[in-house]
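See structure below.
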Amino acid sequence: MNMLRENAKRAVCGALLLTSARAAAQQAEDPSALQVHGFVSQGYIKTTRNNYLAPSARAQGSVDFTEVGINFTKPLGDRLRVGIQFFAHDLGPLGNYAPQADWYYLDYRFFDWLGVRAGKTKLPWGLYNEANDVDAGRVPVLLPQSVYPVASREFLFAQTGGELYGDLPLGAAGSLEYRLYGGTIFLNSTDVSAQLKGFGVPYEAGARLMWLSPIEGLQLGGSAQALRFDFSFSPTPEQQAKYQMAGQLPADYAGVISAKIPIKLWVASVEYQKEGLALAAEYTRSYLHYQTNLLLPENKITNAGGYVMASYQVTPWFTPGVYCSGWFPDIHAKVPAGPDPHPRSSFQHDIAATLRYDLTANWLVKVEGHYMHGTAGLQSALNDNRPLDSLAKDWGVLLVKTTGYF
Amino acid sequence: MAGSRFVPGVVPQRRRVAFLVLSMVLGVAPGIERAARADAAPEFRVIVHPSNPLQAADRGYLADAFLKKVSRWESGETIRAVDLRPDSPARRRFSESVLKRSVGAVRSYWQQRIFSGRDVPPPELESDESVLAFVAKFPGAVGYVSGAAKLSGVRELSVK
């Protein structure tokens with residue numbers, strides 16, 4: 001029955017996209033016309049060991065990797081524009097085809113150097129965060145997870161609030177592109193965990209500054225962001241017993257544990273593009289400060305990650321790409337006692353190679369292989385709740401994805 | 001053994017095949033093909049509405065106009081860029097000469113902007129005639145056509 005419902009949803013989405021494509025084609029020559037764009041993606045994930053993003057280690061792999069989106073943009077005069085995108089996806093336990101307004105905005109551009117947007121907008125974080133859903137706009141199937149963790153899509157992709165943006169020409173020194181934003185993130189707490197009783201982001205603010213250098217195709221920049229997660233949850237009886245044995249439950253404990261996690265993060269970015277060649281490198285750090293009503297010492301965690309990536313469009317229909325990525329969830333963690341000073345859960349190395357085939361102007365297929373070393377990027381919940389240190393240290397991932405778009 | 005005898009200027013068939021395969025693996029052959037196509041490709045001509053007072057435009061400014069990083073001409077008129085279809089030779093030449101990116105890279109740029117809600121690309125029209133009609137219709141319009149196109153109702157803009 002569920003399969004029938006999902007197939008029906010896919011069919012409706014497909015019909016909607018085709019109808020919209022026809023409307024878009026008819027209105028292509030009128031610059032003030034409503035523009036309609038959409039995409040449908042279907043992916044396949046198979047891992048040699050460990051479940052990654054979906055139940056991928058089983059013999060048949062997983063096809064729980066679907067994305068569908070459609071957007072409408074309408075200029076209202078020369079300076080004002082409105083737009084909205086509807087999006088639904090399924091990635092293992094995430095998404096479950098629940099449609100959502102991915103972004104919507106009212107955009108007024110006073111000058112080229114000053115524009116303002118209000119609504120739900122994608123977060124300008126690093127080079128590619130805004131394009132994380134846009135399979136057609138990049139070479140890899142999965143962007144480097146050290147900087148763009150797809151499992152954190154609900155937290156990192158969009159904010160609701162306001163944004164200032166603009167391009168500042170610097171003459172012979174190139175130009176600057178800036179973005180300043182502030183607001184909040186609305187989350188459905190059940191998307192995060194069924195145990196959560198409340199989840200909120202009281203503030204979220206950040207900026208991105210990119211310098212488009214006088215060297216054609218070279219841009220450098222940085223992004224910074226600050227936000228706070230507030231949540232409360234009811235521990236399971238097992239967890240409660242564990243806290244009690246450790247003497248961590250507060251005197252006024254009434255069955256709920258509350259927590260605040262202020263987070264500051266930044267990423268430094270460099271990208272070079274010349275004709276079909278694209279090179280990129282980014283490095284990020286996040287500072288998390290866990291504050292709960294449990295009787296625990298202050299817990300501050302710093303994680304770090306980065307990658308280098310290259311791709312080259314050999315022909316209009318064929319673009320191979322590679323990247324090497326590393327992520328370290330707690331770079332100041334004490335070295336554990338025992339024979340292994342570097343437990344496998346303390347790092348995730350990822351070497352990936354992609355082949356992108358553009359079969360037509362609106363249809364592409366990608367094949368991607370990853371060699372993974374470490375388990376920091378895995379989730380216990382997807383792996384029978386086993387500790388990450390007990391999962392396979394070296395494993396491989398095969399991804400195949402096809403996308404149609406207009 | 002006669003087949004392996006060296007003859008100046010004649011590359012044995014097997015060696016030619018091996019060279020071709022190696023070239024394709026290394027991406028050399030497509031580069032040669034691209035260079036050959038570039039030599040044979042027609043030139044393009046940048047055109048604007050006759051009311052546009054600009055006689056010549058800086059290449060970088062034109063690139064920013066087509067990538068929608070600038071939105072107005074010096075006169076204050078809104079820039080309305082228009083592209084030819086992606087497989088058009090004039091589009092390829094324009095993209096490589098003015099935007100300094102392949103058509104594929106430009107399309108990726110627009111896919112990222114479309115689906116992140118940043119902006120929408122210039123319209124892509126099917127033919128020189130459609131581009132000429134578009135540019136003749138809108139005062140702020142700028143486009144390009146193949147070198148062989150007969151200009152009517154528009155004015156050519158030189159690129160510095």
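As shown in the structure tokens, the chain order sets the letters A, B, ...; within each chain, residues go from 1, and ligands are also counted from 1 in the order they appear.
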
Could the residues of chain B within 10 Å of chain A, counting only C-alpha atoms, be given as a PyMOL selection string, please?
chain B and resi 24-31+33-34+60+68-72+77-82+85-87+95-97+99-125+130-131+133-134+138

Selection file, C-alpha atoms, as an mmCIF file, in the first residue's frame:
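part-v3.cif, freshly written:
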data_model
loop_
_atom_site.group_PDB
_atom_site.id
_atom_site.type_symbol
_atom_site.label_atom_id
_atom_site.label_comp_id
_atom_site.auth_asym_id
_atom_site.auth_seq_id
_atom_site.Cartn_x
_atom_site.Cartn_y
_atom_site.Cartn_z
ATOM 1 C CA MET B 24 40.757 9.692 -25.223
ATOM 2 C CA VAL B 25 41.640 8.364 -21.764
ATOM 3 C CA LEU B 26 43.756 11.430 -21.075
ATOM 4 C CA GLY B 27 41.173 13.778 -22.552
ATOM 5 C CA VAL B 28 43.584 14.971 -25.256
ATOM 6 C CA ALA B 29 41.508 13.979 -28.244
ATOM 7 C CA PRO B 30 38.494 16.055 -27.226
ATOM 8 C CA GLY B 31 40.869 18.982 -26.787
ATOM 9 C CA GLU B 33 38.553 18.225 -31.520
ATOM 10 C CA ARG B 34 37.585 21.364 -29.615
ATOM 11 C CA GLY B 60 33.964 41.781 -18.225
ATOM 12 C CA LYS B 68 23.167 38.935 -14.025
ATOM 13 C CA LYS B 69 25.800 40.362 -11.711
ATOM 14 C CA VAL B 70 24.989 43.804 -13.082
ATOM 15 C CA SER B 71 21.404 44.687 -13.838
ATOM 16 C CA ARG B 72 21.527 48.120 -15.493
ATOM 17 C CA GLU B 77 17.963 51.054 -18.497
ATOM 18 C CA THR B 78 17.426 47.502 -17.206
ATOM 19 C CA ILE B 79 19.677 44.996 -18.954
ATOM 20 C CA ARG B 80 17.752 42.198 -20.643
ATOM 21 C CA ALA B 81 20.243 39.591 -21.818
ATOM 22 C CA VAL B 82 19.189 36.826 -24.165
ATOM 23 C CA ARG B 85 20.219 27.569 -27.388
ATOM 24 C CA PRO B 86 23.030 25.621 -25.644
ATOM 25 C CA ASP B 87 24.109 23.615 -28.705
ATOM 26 C CA SER B 95 30.554 31.608 -23.835
ATOM 27 C CA GLU B 96 34.235 30.802 -24.240
ATOM 28 C CA SER B 97 35.272 34.267 -25.496
ATOM 29 C CA LEU B 99 32.097 34.558 -20.273
ATOM 30 C CA LYS B 100 35.389 32.630 -20.228
ATOM 31 C CA ARG B 101 33.530 29.471 -19.289
ATOM 32 C CA SER B 102 32.241 26.481 -21.225
ATOM 33 C CA VAL B 103 28.514 26.348 -21.981
ATOM 34 C CA GLY B 104 28.298 23.433 -19.525
ATOM 35 C CA ALA B 105 29.886 25.499 -16.751
ATOM 36 C CA VAL B 106 27.492 28.371 -17.429
ATOM 37 C CA ARG B 107 24.520 26.009 -17.356
ATOM 38 C CA SER B 108 25.741 24.615 -14.007
ATOM 39 C CA TYR B 109 26.031 28.188 -12.720
ATOM 40 C CA TRP B 110 22.401 28.818 -13.662
ATOM 41 C CA GLN B 111 21.153 25.507 -12.294
ATOM 42 C CA GLN B 112 22.681 26.449 -8.959
ATOM 43 C CA ARG B 113 21.029 29.866 -9.021
ATOM 44 C CA ILE B 114 17.643 28.662 -10.282
ATOM 45 C CA PHE B 115 17.162 25.956 -7.693
ATOM 46 C CA SER B 116 18.623 27.899 -4.777
ATOM 47 C CA GLY B 117 16.244 30.763 -5.516
ATOM 48 C CA ARG B 118 18.939 33.277 -6.391
ATOM 49 C CA ASP B 119 17.911 34.181 -9.914
ATOM 50 C CA VAL B 120 16.757 32.856 -13.258
ATOM 51 C CA PRO B 121 18.835 32.721 -16.463
ATOM 52 C CA PRO B 122 18.363 34.840 -19.571
ATOM 53 C CA PRO B 123 15.851 33.319 -21.998
ATOM 54 C CA GLU B 124 17.350 30.775 -24.418
ATOM 55 C CA LEU B 125 16.031 31.315 -27.930
ATOM 56 C CA SER B 130 14.388 35.004 -32.546
ATOM 57 C CA VAL B 131 17.296 36.798 -30.842
ATOM 58 C CA ALA B 133 13.374 40.002 -32.743
ATOM 59 C CA PHE B 134 13.874 39.959 -28.960
ATOM 60 C CA PHE B 138 13.178 45.514 -25.661
#

Do a neighbour search on Gln379 (chain A) at 12 Å with only C-alpha atoms, toss out local chain neighbours closer than 4 positions, and write the hits as a PyMOL selection string.
chain A and resi 50-55+92-93+151-152+345+375+383-391

Please provide the set of residues having any atom within 10 Å of Leu151 (chain B), restricted to only C-alpha atoms, with same-chain residues fewer than 3 positions apart removed, written as a PDB file with N, CA and C atoms, in the first residue's frame.
ATOM      1  N   ARG B  45      28.295  38.005 -33.179  1.00  0.00           N
ATOM      2  CA  ARG B  45      28.198  39.466 -33.131  1.00  0.00           C
ATOM      3  C   ARG B  45      27.264  39.834 -31.983  1.00  0.00           C
ATOM      4  N   ILE B  47      24.753  42.223 -30.135  1.00  0.00           N
ATOM      5  CA  ILE B  47      23.784  43.217 -30.624  1.00  0.00           C
ATOM      6  C   ILE B  47      22.992  43.810 -29.463  1.00  0.00           C
ATOM      7  N   ASP B 128      18.902  32.769 -34.578  1.00  0.00           N
ATOM      8  CA  ASP B 128      19.341  34.164 -34.723  1.00  0.00           C
ATOM      9  C   ASP B 128      18.138  35.087 -34.902  1.00  0.00           C
ATOM     10  N   GLU B 129      17.171  34.632 -35.680  1.00  0.00           N
ATOM     11  CA  GLU B 129      15.995  35.466 -35.968  1.00  0.00           C
ATOM     12  C   GLU B 129      15.229  35.785 -34.677  1.00  0.00           C
ATOM     13  N   LEU B 132      17.241  38.336 -32.734  1.00  0.00           N
ATOM     14  CA  LEU B 132      17.114  39.649 -33.367  1.00  0.00           C
ATOM     15  C   LEU B 132      15.758  40.286 -33.021  1.00  0.00           C
ATOM     16  N   VAL B 145      24.419  36.950 -32.039  1.00  0.00           N
ATOM     17  CA  VAL B 145      23.966  36.090 -33.134  1.00  0.00           C
ATOM     18  C   VAL B 145      25.193  35.594 -33.881  1.00  0.00           C
ATOM     19  N   GLY B 147      27.910  35.105 -36.872  1.00  0.00           N
ATOM     20  CA  GLY B 147      28.522  36.118 -37.720  1.00  0.00           C
ATOM     21  C   GLY B 147      27.811  36.289 -39.044  1.00  0.00           C
ATOM     22  N   ALA B 148      27.148  35.219 -39.494  1.00  0.00           N
ATOM     23  CA  ALA B 148      26.498  35.268 -40.799  1.00  0.00           C
ATOM     24  C   ALA B 148      25.126  35.935 -40.748  1.00  0.00           C
ATOM     25  N   VAL B 154      18.418  46.245 -35.098  1.00  0.00           N
ATOM     26  CA  VAL B 154      19.294  46.202 -33.919  1.00  0.00           C
ATOM     27  C   VAL B 154      20.599  46.915 -34.280  1.00  0.00           C
ATOM     28  N   ARG B 155      21.464  47.070 -33.283  1.00  0.00           N
ATOM     29  CA  ARG B 155      22.749  47.684 -33.548  1.00  0.00           C
ATOM     30  C   ARG B 155      23.855  46.792 -32.985  1.00  0.00           C
ATOM     31  N   GLU B 156      24.954  46.705 -33.703  1.00  0.00           N
ATOM     32  CA  GLU B 156      26.061  45.867 -33.232  1.00  0.00           C
ATOM     33  C   GLU B 156      26.851  46.622 -32.167  1.00  0.00           C
TER      34      GLU B 156
END

Spatial neighbours of Leu164 (chain A), max dist 6 Å, only C-alpha atoms, sep filter under 4 positions, as a PyMOL selection string:
chain A and resi 115-116+179-180

Could those residues be written to a file, using C-alpha atoms, as a short mmCIF file (atom, residue, chain, number, x, y, z; two decimals), in the first residue's frame?
data_model
loop_
_atom_site.label_atom_id
_atom_site.label_comp_id
_atom_site.auth_asym_id
_atom_site.auth_seq_id
_atom_site.Cartn_x
_atom_site.Cartn_y
_atom_site.Cartn_z
CA GLY A 115 19.44 44.10 -2.46
CA VAL A 116 17.13 42.85 0.26
CA ARG A 179 25.55 38.35 1.93
CA LEU A 180 24.32 39.19 5.45
#

Would you give me, as a VMD selection string, the residues in region 104-219 of chain A that DSSP reads as strand (DSSP E)?
chain A and resid 104 to 111 114 to 122 158 to 169 175 to 184 196 to 200 204 to 212 218 to 219

Write out as a count of residues only the residues lying within 7 Å of Thr292 (chain A), counting only C-alpha atoms and excluding same-chain residues fewer than 4 positions away.
3

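The residues of region 101-169 of chain A that DSSP assigns to helix (DSSP H, G or I) on this backbone come out as Asn129, Glu130, Ala131, Asp135, Ala136, Gly137, Val150, Ala151, Ser152, Arg153, Glu154, Phe155 and Leu156 of chain A.
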
Generate the output file for the selected residues, C-alpha atoms, as a PDB file, in the first residue's frame.
ATOM      1  CA  ASN A 129      25.530  24.987   0.403  1.00  0.00           C
ATOM      2  CA  GLU A 130      22.753  26.714  -1.503  1.00  0.00           C
ATOM      3  CA  ALA A 131      23.186  24.192  -4.320  1.00  0.00           C
ATOM      4  CA  ASP A 135      22.216  17.719  -8.636  1.00  0.00           C
ATOM      5  CA  ALA A 136      22.446  19.317 -12.088  1.00  0.00           C
ATOM      6  CA  GLY A 137      24.560  22.179 -10.764  1.00  0.00           C
ATOM      7  CA  VAL A 150      23.441  15.903   3.721  1.00  0.00           C
ATOM      8  CA  ALA A 151      22.088  14.300   6.900  1.00  0.00           C
ATOM      9  CA  SER A 152      21.963  17.792   8.444  1.00  0.00           C
ATOM     10  CA  ARG A 153      19.924  19.213   5.590  1.00  0.00           C
ATOM     11  CA  GLU A 154      17.110  20.372   7.853  1.00  0.00           C
ATOM     12  CA  PHE A 155      19.519  22.414   9.995  1.00  0.00           C
ATOM     13  CA  LEU A 156      21.891  23.854   7.469  1.00  0.00           C
TER      14      LEU A 156
END

Could you check how far CA of Asp350 (chain A) sits from CA of Val367 (chain A), in Å to one decimal?
16.0 Å
